[in-house]
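Text of the file work-v9.pdb, holding PDB, C-alpha atoms and all ligand atoms:
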MODEL        1
ATOM      1  CA  MET N 257     -23.631  52.821   2.636  1.00  0.00           C
ATOM      2  CA  PRO N 258     -26.181  54.445   5.010  1.00  0.00           C
ATOM      3  CA  GLU N 259     -25.871  53.935   8.741  1.00  0.00           C
ATOM      4  CA  ILE N 260     -27.164  50.591  10.018  1.00  0.00           C
ATOM      5  CA  ARG N 261     -30.218  51.133  12.261  1.00  0.00           C
ATOM      6  CA  ALA N 262     -31.674  47.628  12.523  1.00  0.00           C
ATOM      7  CA  CYS N 263     -30.573  43.981  12.675  1.00  0.00           C
ATOM      8  CA  LEU N 264     -32.781  40.977  11.918  1.00  0.00           C
ATOM      9  CA  PHE N 265     -31.707  37.594  13.302  1.00  0.00           C
ATOM     10  CA  ASP N 266     -32.662  34.116  12.233  1.00  0.00           C
ATOM     11  CA  LEU N 267     -32.975  31.801  15.263  1.00  0.00           C
ATOM     12  CA  ASP N 268     -31.859  28.258  14.517  1.00  0.00           C
ATOM     13  CA  GLY N 269     -28.179  28.205  13.526  1.00  0.00           C
ATOM     14  CA  VAL N 270     -27.606  31.887  14.297  1.00  0.00           C
ATOM     15  CA  LEU N 271     -28.573  32.450  17.942  1.00  0.00           C
ATOM     16  CA  VAL N 272     -28.949  28.823  19.102  1.00  0.00           C
ATOM     17  CA  ASP N 273     -28.395  25.359  17.670  1.00  0.00           C
ATOM     18  CA  THR N 274     -31.871  23.865  17.632  1.00  0.00           C
ATOM     19  CA  ALA N 275     -31.121  21.942  14.412  1.00  0.00           C
ATOM     20  CA  LYS N 276     -29.895  19.026  16.559  1.00  0.00           C
ATOM     21  CA  TYR N 277     -33.318  18.804  18.243  1.00  0.00           C
ATOM     22  CA  HIS N 278     -35.166  19.100  14.926  1.00  0.00           C
ATOM     23  CA  PHE N 279     -32.958  16.239  13.673  1.00  0.00           C
ATOM     24  CA  ILE N 280     -33.852  13.919  16.558  1.00  0.00           C
ATOM     25  CA  ALA N 281     -37.574  14.610  16.113  1.00  0.00           C
ATOM     26  CA  TRP N 282     -37.605  14.397  12.297  1.00  0.00           C
ATOM     27  CA  LYS N 283     -35.484  11.212  12.404  1.00  0.00           C
ATOM     28  CA  GLN N 284     -38.068   9.536  14.618  1.00  0.00           C
ATOM     29  CA  THR N 285     -40.845  10.743  12.281  1.00  0.00           C
ATOM     30  CA  ALA N 286     -39.011   9.449   9.196  1.00  0.00           C
ATOM     31  CA  ASP N 287     -38.201   6.107  10.883  1.00  0.00           C
ATOM     32  CA  SER N 288     -41.875   5.627  11.730  1.00  0.00           C
ATOM     33  CA  LEU N 289     -42.715   6.210   8.051  1.00  0.00           C
ATOM     34  CA  GLY N 290     -39.910   3.912   6.816  1.00  0.00           C
ATOM     35  CA  VAL N 291     -38.089   6.771   5.079  1.00  0.00           C
ATOM     36  CA  PRO N 292     -34.266   7.043   5.382  1.00  0.00           C
ATOM     37  CA  PHE N 293     -33.227  10.325   7.011  1.00  0.00           C
ATOM     38  CA  ASP N 294     -29.701  11.467   7.901  1.00  0.00           C
ATOM     39  CA  GLU N 295     -27.747  14.607   8.839  1.00  0.00           C
ATOM     40  CA  GLN N 296     -27.544  15.647   5.177  1.00  0.00           C
ATOM     41  CA  ASP N 297     -31.316  15.581   4.883  1.00  0.00           C
ATOM     42  CA  ASN N 298     -31.540  17.640   8.075  1.00  0.00           C
ATOM     43  CA  GLU N 299     -29.139  20.190   6.608  1.00  0.00           C
ATOM     44  CA  LEU N 300     -31.522  20.733   3.686  1.00  0.00           C
ATOM     45  CA  LEU N 301     -34.368  21.459   6.124  1.00  0.00           C
ATOM     46  CA  LYS N 302     -32.663  24.408   7.832  1.00  0.00           C
ATOM     47  CA  GLY N 303     -34.972  27.398   7.580  1.00  0.00           C
ATOM     48  CA  VAL N 304     -37.713  25.283   5.954  1.00  0.00           C
ATOM     49  CA  SER N 305     -41.151  25.411   7.606  1.00  0.00           C
ATOM     50  CA  ARG N 306     -42.525  22.473   9.603  1.00  0.00           C
ATOM     51  CA  ARG N 307     -44.968  21.499   6.824  1.00  0.00           C
ATOM     52  CA  GLY N 308     -42.299  21.995   4.148  1.00  0.00           C
ATOM     53  CA  SER N 309     -39.976  19.693   6.093  1.00  0.00           C
ATOM     54  CA  LEU N 310     -42.575  16.918   6.323  1.00  0.00           C
ATOM     55  CA  ASP N 311     -43.358  17.315   2.619  1.00  0.00           C
ATOM     56  CA  TYR N 312     -39.637  16.748   1.929  1.00  0.00           C
ATOM     57  CA  ILE N 313     -39.701  13.460   3.906  1.00  0.00           C
ATOM     58  CA  LEU N 314     -42.941  12.327   2.246  1.00  0.00           C
ATOM     59  CA  ASN N 315     -41.526  13.111  -1.210  1.00  0.00           C
ATOM     60  CA  LYS N 316     -38.331  11.236  -0.397  1.00  0.00           C
ATOM     61  CA  GLY N 317     -40.373   8.180   0.565  1.00  0.00           C
ATOM     62  CA  ASN N 318     -42.823   8.683  -2.326  1.00  0.00           C
ATOM     63  CA  LEU N 319     -45.623   8.663   0.251  1.00  0.00           C
ATOM     64  CA  HIS N 320     -49.051  10.205  -0.297  1.00  0.00           C
ATOM     65  CA  LEU N 321     -50.955  10.676   2.954  1.00  0.00           C
ATOM     66  CA  SER N 322     -54.280  12.282   3.807  1.00  0.00           C
ATOM     67  CA  GLU N 323     -54.326  15.798   5.264  1.00  0.00           C
ATOM     68  CA  GLU N 324     -55.693  14.315   8.534  1.00  0.00           C
ATOM     69  CA  ARG N 325     -52.716  11.951   8.834  1.00  0.00           C
ATOM     70  CA  ILE N 326     -50.306  14.766   7.936  1.00  0.00           C
ATOM     71  CA  GLU N 327     -51.730  16.954  10.717  1.00  0.00           C
ATOM     72  CA  LEU N 328     -51.324  14.112  13.237  1.00  0.00           C
ATOM     73  CA  ILE N 329     -47.710  13.543  12.194  1.00  0.00           C
ATOM     74  CA  LEU N 330     -46.925  17.285  12.411  1.00  0.00           C
ATOM     75  CA  ASP N 331     -48.446  17.435  15.919  1.00  0.00           C
ATOM     76  CA  ALA N 332     -46.476  14.386  17.065  1.00  0.00           C
ATOM     77  CA  LYS N 333     -43.202  15.777  15.672  1.00  0.00           C
ATOM     78  CA  ASN N 334     -43.772  19.117  17.331  1.00  0.00           C
ATOM     79  CA  SER N 335     -44.669  17.540  20.695  1.00  0.00           C
ATOM     80  CA  HIS N 336     -41.411  15.565  20.568  1.00  0.00           C
ATOM     81  CA  TYR N 337     -39.463  18.723  19.602  1.00  0.00           C
ATOM     82  CA  LEU N 338     -41.088  20.719  22.423  1.00  0.00           C
ATOM     83  CA  ARG N 339     -40.031  18.064  24.938  1.00  0.00           C
ATOM     84  CA  LEU N 340     -36.456  18.339  23.639  1.00  0.00           C
ATOM     85  CA  VAL N 341     -36.261  22.171  23.733  1.00  0.00           C
ATOM     86  CA  GLY N 342     -38.096  22.285  27.065  1.00  0.00           C
ATOM     87  CA  ASP N 343     -34.805  21.926  28.928  1.00  0.00           C
ATOM     88  CA  MET N 344     -32.904  24.607  26.983  1.00  0.00           C
ATOM     89  CA  THR N 345     -31.013  27.206  29.046  1.00  0.00           C
ATOM     90  CA  PRO N 346     -28.953  30.332  28.251  1.00  0.00           C
ATOM     91  CA  ASP N 347     -25.896  28.017  28.144  1.00  0.00           C
ATOM     92  CA  GLU N 348     -27.107  26.880  24.720  1.00  0.00           C
ATOM     93  CA  VAL N 349     -26.951  30.358  23.217  1.00  0.00           C
ATOM     94  CA  LEU N 350     -24.148  30.280  20.631  1.00  0.00           C
ATOM     95  CA  PRO N 351     -20.773  31.858  21.551  1.00  0.00           C
ATOM     96  CA  GLY N 352     -20.613  35.662  21.406  1.00  0.00           C
ATOM     97  CA  VAL N 353     -24.352  36.158  20.798  1.00  0.00           C
ATOM     98  CA  PHE N 354     -25.195  37.792  24.150  1.00  0.00           C
ATOM     99  CA  ASP N 355     -22.258  40.239  23.880  1.00  0.00           C
ATOM    100  CA  PHE N 356     -23.121  41.084  20.278  1.00  0.00           C
ATOM    101  CA  LEU N 357     -26.788  41.795  21.086  1.00  0.00           C
ATOM    102  CA  HIS N 358     -25.844  43.903  24.123  1.00  0.00           C
ATOM    103  CA  ALA N 359     -23.415  45.886  21.947  1.00  0.00           C
ATOM    104  CA  LEU N 360     -26.179  46.574  19.401  1.00  0.00           C
ATOM    105  CA  LYS N 361     -28.435  47.832  22.188  1.00  0.00           C
ATOM    106  CA  LEU N 362     -25.704  50.152  23.483  1.00  0.00           C
ATOM    107  CA  GLU N 363     -25.389  51.611  19.985  1.00  0.00           C
ATOM    108  CA  GLY N 364     -29.160  52.168  19.754  1.00  0.00           C
ATOM    109  CA  ILE N 365     -29.556  49.651  16.922  1.00  0.00           C
ATOM    110  CA  LYS N 366     -32.952  47.919  16.912  1.00  0.00           C
ATOM    111  CA  ILE N 367     -33.185  44.118  16.987  1.00  0.00           C
ATOM    112  CA  SER N 368     -35.844  41.772  15.604  1.00  0.00           C
ATOM    113  CA  LEU N 369     -36.114  38.037  15.199  1.00  0.00           C
ATOM    114  CA  GLY N 370     -36.849  36.725  11.688  1.00  0.00           C
ATOM    115  CA  SER N 371     -37.411  32.986  12.062  1.00  0.00           C
ATOM    116  CA  ALA N 372     -39.504  30.325  10.317  1.00  0.00           C
ATOM    117  CA  SER N 373     -40.127  28.615  13.656  1.00  0.00           C
ATOM    118  CA  LYS N 374     -43.523  28.735  15.344  1.00  0.00           C
ATOM    119  CA  ASN N 375     -41.749  27.839  18.601  1.00  0.00           C
ATOM    120  CA  ALA N 376     -39.367  30.795  18.510  1.00  0.00           C
ATOM    121  CA  GLN N 377     -40.873  32.745  21.418  1.00  0.00           C
ATOM    122  CA  LEU N 378     -40.597  29.734  23.739  1.00  0.00           C
ATOM    123  CA  ILE N 379     -36.943  29.170  22.811  1.00  0.00           C
ATOM    124  CA  LEU N 380     -36.052  32.858  23.249  1.00  0.00           C
ATOM    125  CA  ASP N 381     -37.731  32.774  26.676  1.00  0.00           C
ATOM    126  CA  LYS N 382     -35.939  29.583  27.757  1.00  0.00           C
ATOM    127  CA  CYS N 383     -32.603  31.068  26.673  1.00  0.00           C
ATOM    128  CA  GLU N 384     -33.347  34.439  28.318  1.00  0.00           C
ATOM    129  CA  LEU N 385     -32.921  36.248  24.994  1.00  0.00           C
ATOM    130  CA  SER N 386     -36.422  37.758  24.772  1.00  0.00           C
ATOM    131  CA  PRO N 387     -35.674  40.996  26.693  1.00  0.00           C
ATOM    132  CA  LEU N 388     -33.006  41.897  24.122  1.00  0.00           C
ATOM    133  CA  PHE N 389     -35.472  41.932  21.217  1.00  0.00           C
ATOM    134  CA  ASP N 390     -37.506  44.960  20.130  1.00  0.00           C
ATOM    135  CA  ALA N 391     -39.682  42.757  17.909  1.00  0.00           C
ATOM    136  CA  ILE N 392     -40.247  39.072  17.268  1.00  0.00           C
ATOM    137  CA  VAL N 393     -41.358  37.953  13.803  1.00  0.00           C
ATOM    138  CA  ASP N 394     -41.638  34.202  13.297  1.00  0.00           C
ATOM    139  CA  GLY N 395     -43.553  31.394  11.619  1.00  0.00           C
ATOM    140  CA  ARG N 396     -46.772  32.418  13.413  1.00  0.00           C
ATOM    141  CA  HIS N 397     -46.819  35.757  11.597  1.00  0.00           C
ATOM    142  CA  CYS N 398     -45.856  34.721   8.071  1.00  0.00           C
ATOM    143  CA  THR N 399     -47.699  33.141   5.163  1.00  0.00           C
ATOM    144  CA  HIS N 400     -44.660  32.612   2.955  1.00  0.00           C
ATOM    145  CA  SER N 401     -41.505  30.620   3.705  1.00  0.00           C
ATOM    146  CA  LYS N 402     -37.963  31.810   3.061  1.00  0.00           C
ATOM    147  CA  PRO N 403     -36.616  32.511   0.389  1.00  0.00           C
ATOM    148  CA  HIS N 404     -39.709  34.745   0.223  1.00  0.00           C
ATOM    149  CA  PRO N 405     -38.721  38.025   1.916  1.00  0.00           C
ATOM    150  CA  GLU N 406     -41.923  38.304   4.027  1.00  0.00           C
ATOM    151  CA  VAL N 407     -40.342  37.494   7.400  1.00  0.00           C
ATOM    152  CA  PHE N 408     -37.695  40.188   6.979  1.00  0.00           C
ATOM    153  CA  GLU N 409     -40.094  42.711   5.446  1.00  0.00           C
ATOM    154  CA  ARG N 410     -42.276  42.306   8.539  1.00  0.00           C
ATOM    155  CA  GLY N 411     -39.192  42.691  10.735  1.00  0.00           C
ATOM    156  CA  MET N 412     -38.344  45.994   9.043  1.00  0.00           C
ATOM    157  CA  GLN N 413     -41.952  47.174   9.441  1.00  0.00           C
ATOM    158  CA  ALA N 414     -41.814  46.332  13.143  1.00  0.00           C
ATOM    159  CA  LEU N 415     -38.538  48.233  13.594  1.00  0.00           C
ATOM    160  CA  ASN N 416     -39.453  51.018  11.163  1.00  0.00           C
ATOM    161  CA  SER N 417     -36.213  50.586   9.210  1.00  0.00           C
ATOM    162  CA  LYS N 418     -35.406  50.809   5.512  1.00  0.00           C
ATOM    163  CA  PRO N 419     -33.723  47.864   3.712  1.00  0.00           C
ATOM    164  CA  THR N 420     -30.484  49.788   3.178  1.00  0.00           C
ATOM    165  CA  GLU N 421     -30.285  50.488   6.936  1.00  0.00           C
ATOM    166  CA  THR N 422     -30.898  46.845   7.866  1.00  0.00           C
ATOM    167  CA  VAL N 423     -28.669  43.798   8.238  1.00  0.00           C
ATOM    168  CA  VAL N 424     -29.999  40.219   8.133  1.00  0.00           C
ATOM    169  CA  PHE N 425     -28.054  37.455   9.920  1.00  0.00           C
ATOM    170  CA  GLU N 426     -28.762  33.978   8.515  1.00  0.00           C
ATOM    171  CA  ASP N 427     -27.251  30.502   8.397  1.00  0.00           C
ATOM    172  CA  ALA N 428     -29.374  29.050   5.562  1.00  0.00           C
ATOM    173  CA  ILE N 429     -29.046  29.639   1.816  1.00  0.00           C
ATOM    174  CA  ASN N 430     -32.808  30.240   1.589  1.00  0.00           C
ATOM    175  CA  GLY N 431     -32.560  32.760   4.430  1.00  0.00           C
ATOM    176  CA  ILE N 432     -29.747  34.693   2.742  1.00  0.00           C
ATOM    177  CA  SER N 433     -31.844  34.792  -0.442  1.00  0.00           C
ATOM    178  CA  ALA N 434     -34.822  36.083   1.582  1.00  0.00           C
ATOM    179  CA  GLY N 435     -32.668  38.853   3.074  1.00  0.00           C
ATOM    180  CA  ASN N 436     -31.327  39.773  -0.361  1.00  0.00           C
ATOM    181  CA  TYR N 437     -34.825  39.814  -1.876  1.00  0.00           C
ATOM    182  CA  ALA N 438     -35.890  42.118   0.973  1.00  0.00           C
ATOM    183  CA  GLY N 439     -33.074  44.456  -0.120  1.00  0.00           C
ATOM    184  CA  CYS N 440     -31.189  44.186   3.195  1.00  0.00           C
ATOM    185  CA  TYR N 441     -27.492  43.641   3.758  1.00  0.00           C
ATOM    186  CA  THR N 442     -26.896  39.956   4.488  1.00  0.00           C
ATOM    187  CA  ILE N 443     -24.327  38.404   6.801  1.00  0.00           C
ATOM    188  CA  GLY N 444     -24.044  34.629   6.587  1.00  0.00           C
ATOM    189  CA  ILE N 445     -23.170  32.578   9.655  1.00  0.00           C
ATOM    190  CA  GLY N 446     -21.338  29.538   8.331  1.00  0.00           C
ATOM    191  CA  GLU N 447     -19.164  28.640   5.359  1.00  0.00           C
ATOM    192  CA  PRO N 448     -18.404  31.171   2.569  1.00  0.00           C
ATOM    193  CA  ASP N 449     -18.507  28.473  -0.124  1.00  0.00           C
ATOM    194  CA  VAL N 450     -22.054  27.532   0.961  1.00  0.00           C
ATOM    195  CA  LEU N 451     -23.471  31.012   1.672  1.00  0.00           C
ATOM    196  CA  LYS N 452     -22.159  32.471  -1.576  1.00  0.00           C
ATOM    197  CA  GLU N 453     -24.972  34.989  -1.979  1.00  0.00           C
ATOM    198  CA  ALA N 454     -24.301  36.712   1.365  1.00  0.00           C
ATOM    199  CA  ASP N 455     -22.626  40.122   1.386  1.00  0.00           C
ATOM    200  CA  LEU N 456     -20.291  38.857   4.114  1.00  0.00           C
ATOM    201  CA  VAL N 457     -19.815  35.454   5.789  1.00  0.00           C
ATOM    202  CA  VAL N 458     -18.430  34.859   9.294  1.00  0.00           C
ATOM    203  CA  SER N 459     -18.165  31.664  11.345  1.00  0.00           C
ATOM    204  CA  GLY N 460     -20.051  33.144  14.320  1.00  0.00           C
ATOM    205  CA  PHE N 461     -20.239  36.052  16.751  1.00  0.00           C
ATOM    206  CA  ALA N 462     -17.333  35.152  19.052  1.00  0.00           C
ATOM    207  CA  ASP N 463     -14.923  38.135  19.206  1.00  0.00           C
ATOM    208  CA  LYS N 464     -17.058  40.121  16.727  1.00  0.00           C
ATOM    209  CA  THR N 465     -18.438  43.598  17.330  1.00  0.00           C
ATOM    210  CA  PRO N 466     -21.226  45.267  15.347  1.00  0.00           C
ATOM    211  CA  GLN N 467     -18.884  48.010  14.180  1.00  0.00           C
ATOM    212  CA  SER N 468     -16.220  45.551  12.970  1.00  0.00           C
ATOM    213  CA  LEU N 469     -18.797  43.634  10.931  1.00  0.00           C
ATOM    214  CA  PHE N 470     -20.425  46.774   9.529  1.00  0.00           C
ATOM    215  CA  ALA N 471     -16.976  48.109   8.522  1.00  0.00           C
ATOM    216  CA  GLN N 472     -16.311  44.825   6.689  1.00  0.00           C
ATOM    217  CA  LEU N 473     -19.698  45.106   4.987  1.00  0.00           C
ATOM    218  CA  LYS N 474     -18.821  48.567   3.731  1.00  0.00           C
ATOM    219  CA  LYS N 475     -15.624  47.181   2.200  1.00  0.00           C
ATOM    220  CA  THR N 476     -17.580  44.630   0.153  1.00  0.00           C
ATOM    221  CA  GLY N 477     -19.054  47.655  -1.655  1.00  0.00           C
ATOM    222  CA  LYS N 478     -21.916  45.547  -3.036  1.00  0.00           C
ATOM    223  CA  PRO N 479     -24.808  47.721  -4.199  1.00  0.00           C
ATOM    224  CA  LYS N 480     -28.144  46.580  -2.823  1.00  0.00           C
ATOM    225  CA  ILE N 481     -31.009  46.149  -5.261  1.00  0.00           C
ATOM    226  CA  ILE N 482     -34.349  46.756  -3.576  1.00  0.00           C
ATOM    227  CA  ALA N 483     -36.710  43.988  -4.744  1.00  0.00           C
TER
HETATM  228  P1  LIG P   1     -40.972  24.886  13.957  1.00  0.00           P
HETATM  229  P2  LIG P   1     -35.091  29.255  11.637  1.00  0.00           P
HETATM  230  C1  LIG P   1     -36.432  26.975  11.321  1.00  0.00           C
HETATM  231  O1  LIG P   1     -35.888  27.952  12.173  1.00  0.00           O
HETATM  232  C2  LIG P   1     -35.567  25.718  11.378  1.00  0.00           C
HETATM  233  O2  LIG P   1     -34.292  25.989  10.804  1.00  0.00           O
HETATM  234  C3  LIG P   1     -36.226  24.629  10.584  1.00  0.00           C
HETATM  235  O3  LIG P   1     -35.455  23.450  10.636  1.00  0.00           O
HETATM  236  C4  LIG P   1     -37.632  24.381  11.142  1.00  0.00           C
HETATM  237  O4  LIG P   1     -38.298  23.378  10.382  1.00  0.00           O
HETATM  238  C5  LIG P   1     -38.417  25.694  11.076  1.00  0.00           C
HETATM  239  O5  LIG P   1     -37.727  26.686  11.826  1.00  0.00           O
HETATM  240  C6  LIG P   1     -39.823  25.543  11.644  1.00  0.00           C
HETATM  241  O6  LIG P   1     -39.718  25.263  13.018  1.00  0.00           O
HETATM  242  O7  LIG P   1     -41.335  23.473  13.670  1.00  0.00           O
HETATM  243  O8  LIG P   1     -40.424  25.118  15.341  1.00  0.00           O
HETATM  244  O9  LIG P   1     -42.088  25.865  13.622  1.00  0.00           O
HETATM  245  O10 LIG P   1     -33.777  28.761  11.111  1.00  0.00           O
HETATM  246  O11 LIG P   1     -35.943  29.929  10.571  1.00  0.00           O
HETATM  247  O12 LIG P   1     -34.972  30.089  12.886  1.00  0.00           O
HETATM  248 MG    MG P   2     -31.579  29.111  10.553  1.00  0.00          MG
ENDMDL
END

Would you mind giving the structure from this file in structure tokens?
Amino acid sequence: MPEIRACLFDLDGVLVDTAKYHFIAWKQTADSLGVPFDEQDNELLKGVSRRGSLDYILNKGNLHLSEERIELILDAKNSHYLRLVGDMTPDEVLPGVFDFLHALKLEGIKISLGSASKNAQLILDKCELSPLFDAIVDGRHCTHSKPHPEVFERGMQALNSKPTETVVFEDAINGISAGNYAGCYTIGIGEPDVLKEADLVVSGFADKTPQSLFAQLKKTGKPKIIA
């Protein structure tokens, strides 16, 4: 296994828990459309783009709306979401994340965001994470949604790293697939029985160091296939 030179981080579910705010905003949207929407539905929308998420709700309700109406609903959902994340502070950064990112910097390992969210920059700023990132790649820069590897391919371009020198951190099945398709090492944040395709799964960053995780990755011995 070559030395790791770059790390690409998903935002929601990896660095911060914004899924709870997406849930509140999508629930209100679904209620207004008369479509049932619960935590399980929200789980399926992790890592899915804003438009993809609304399409899921419309499909569930068997609703066919005009593009004009869809745009209005997307704007209203995002305005609600922006009000909710507007009060975020560094206290909402998930346990161990700041220490882990600082440790990467000390080791000279480059850091990029790789998120589907078009609001990622705002959230990183609110949580005072932005100065730790060498590059930010998010929903504003990508045409394709995860599991397409575009977001991580762009992250590697920005950091000038090769797939076999790069680790992707993701909490969503689609995100792990995207990292694997990009040819990177993948570390899942969550449950091993859910994130089966990841090279390694951990519950979070608390008490973890980059070197301990990279050593565990080496032990998995999984060959990477560059897509
Ligand atoms: P926005 P991630 C994703 O973030 C969220 O998991 C997903 O629920 C959301 O729909 C998507 O961002 C788009 O977010 O509406 O802010 O553009 O997990 O890829 O960091
Ligand atoms: Mg996520």

Residues near Val393 in chain N, anyone? I mean within 7 Å using only C-alpha atoms, not counting same-chain ones fewer than 3 positions away, as a PyMOL selection string.
chain N and resi 368-371+397+407+410-411

Quick check, in Å to one decimal: how far apart do CA of Ala275 in chain N and CA of Lys302 in chain N lie?
7.2 Å

For ligand MG 2 (chain P), return the neighbouring residues as an mmCIF file with C-alpha atoms, in the coordinates of the input (distance at most 7 Å; all atoms listed in the file).
data_model
loop_
_atom_site.group_PDB
_atom_site.id
_atom_site.type_symbol
_atom_site.label_atom_id
_atom_site.label_comp_id
_atom_site.auth_asym_id
_atom_site.auth_seq_id
_atom_site.Cartn_x
_atom_site.Cartn_y
_atom_site.Cartn_z
ATOM 1 C CA ASP N 266 -32.662 34.116 12.233
ATOM 2 C CA LEU N 267 -32.975 31.801 15.263
ATOM 3 C CA ASP N 268 -31.859 28.258 14.517
ATOM 4 C CA GLY N 269 -28.179 28.205 13.526
ATOM 5 C CA VAL N 270 -27.606 31.887 14.297
ATOM 6 C CA LYS N 302 -32.663 24.408 7.832
ATOM 7 C CA GLY N 303 -34.972 27.398 7.580
ATOM 8 C CA GLU N 426 -28.762 33.978 8.515
ATOM 9 C CA ASP N 427 -27.251 30.502 8.397
ATOM 10 C CA ALA N 428 -29.374 29.050 5.562
#

Can you list, as a PyMOL selection string, the residues that the PyMOL selection byres (((not hetatm)) within 10 of (chain P and resi 1)) selects here?
chain N and resi 265-279+281-282+298-310+330-331+333-335+337-338+341+369-379+394-396+401-402+407+426-428+430-431

How many Å lie between CA of Ala391 in chain N and CA of Lys475 in chain N, rounded to one decimal?
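Interatomic distance here is 29.1 Å.
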
Test item: the PyMOL selection byres (((chain N and resi 382) around 9) and not hetatm) resolved as an NGL selection string
:N and (341-346 or 377-381 or 383-386)

The distance between CA of Glu447 in chain N and CA of Glu406 in chain N is 24.8 Å

Size and centre in Å, one decimal, axis-aligned box, all listed range 275-281 of chain N atoms plus 5 Å per side, as lines of an AutoDock Vina configuration file:
center_x = -33.7
center_y = 17.9
center_z = 16.0
size_x = 17.7
size_y = 18.0
size_z = 14.6
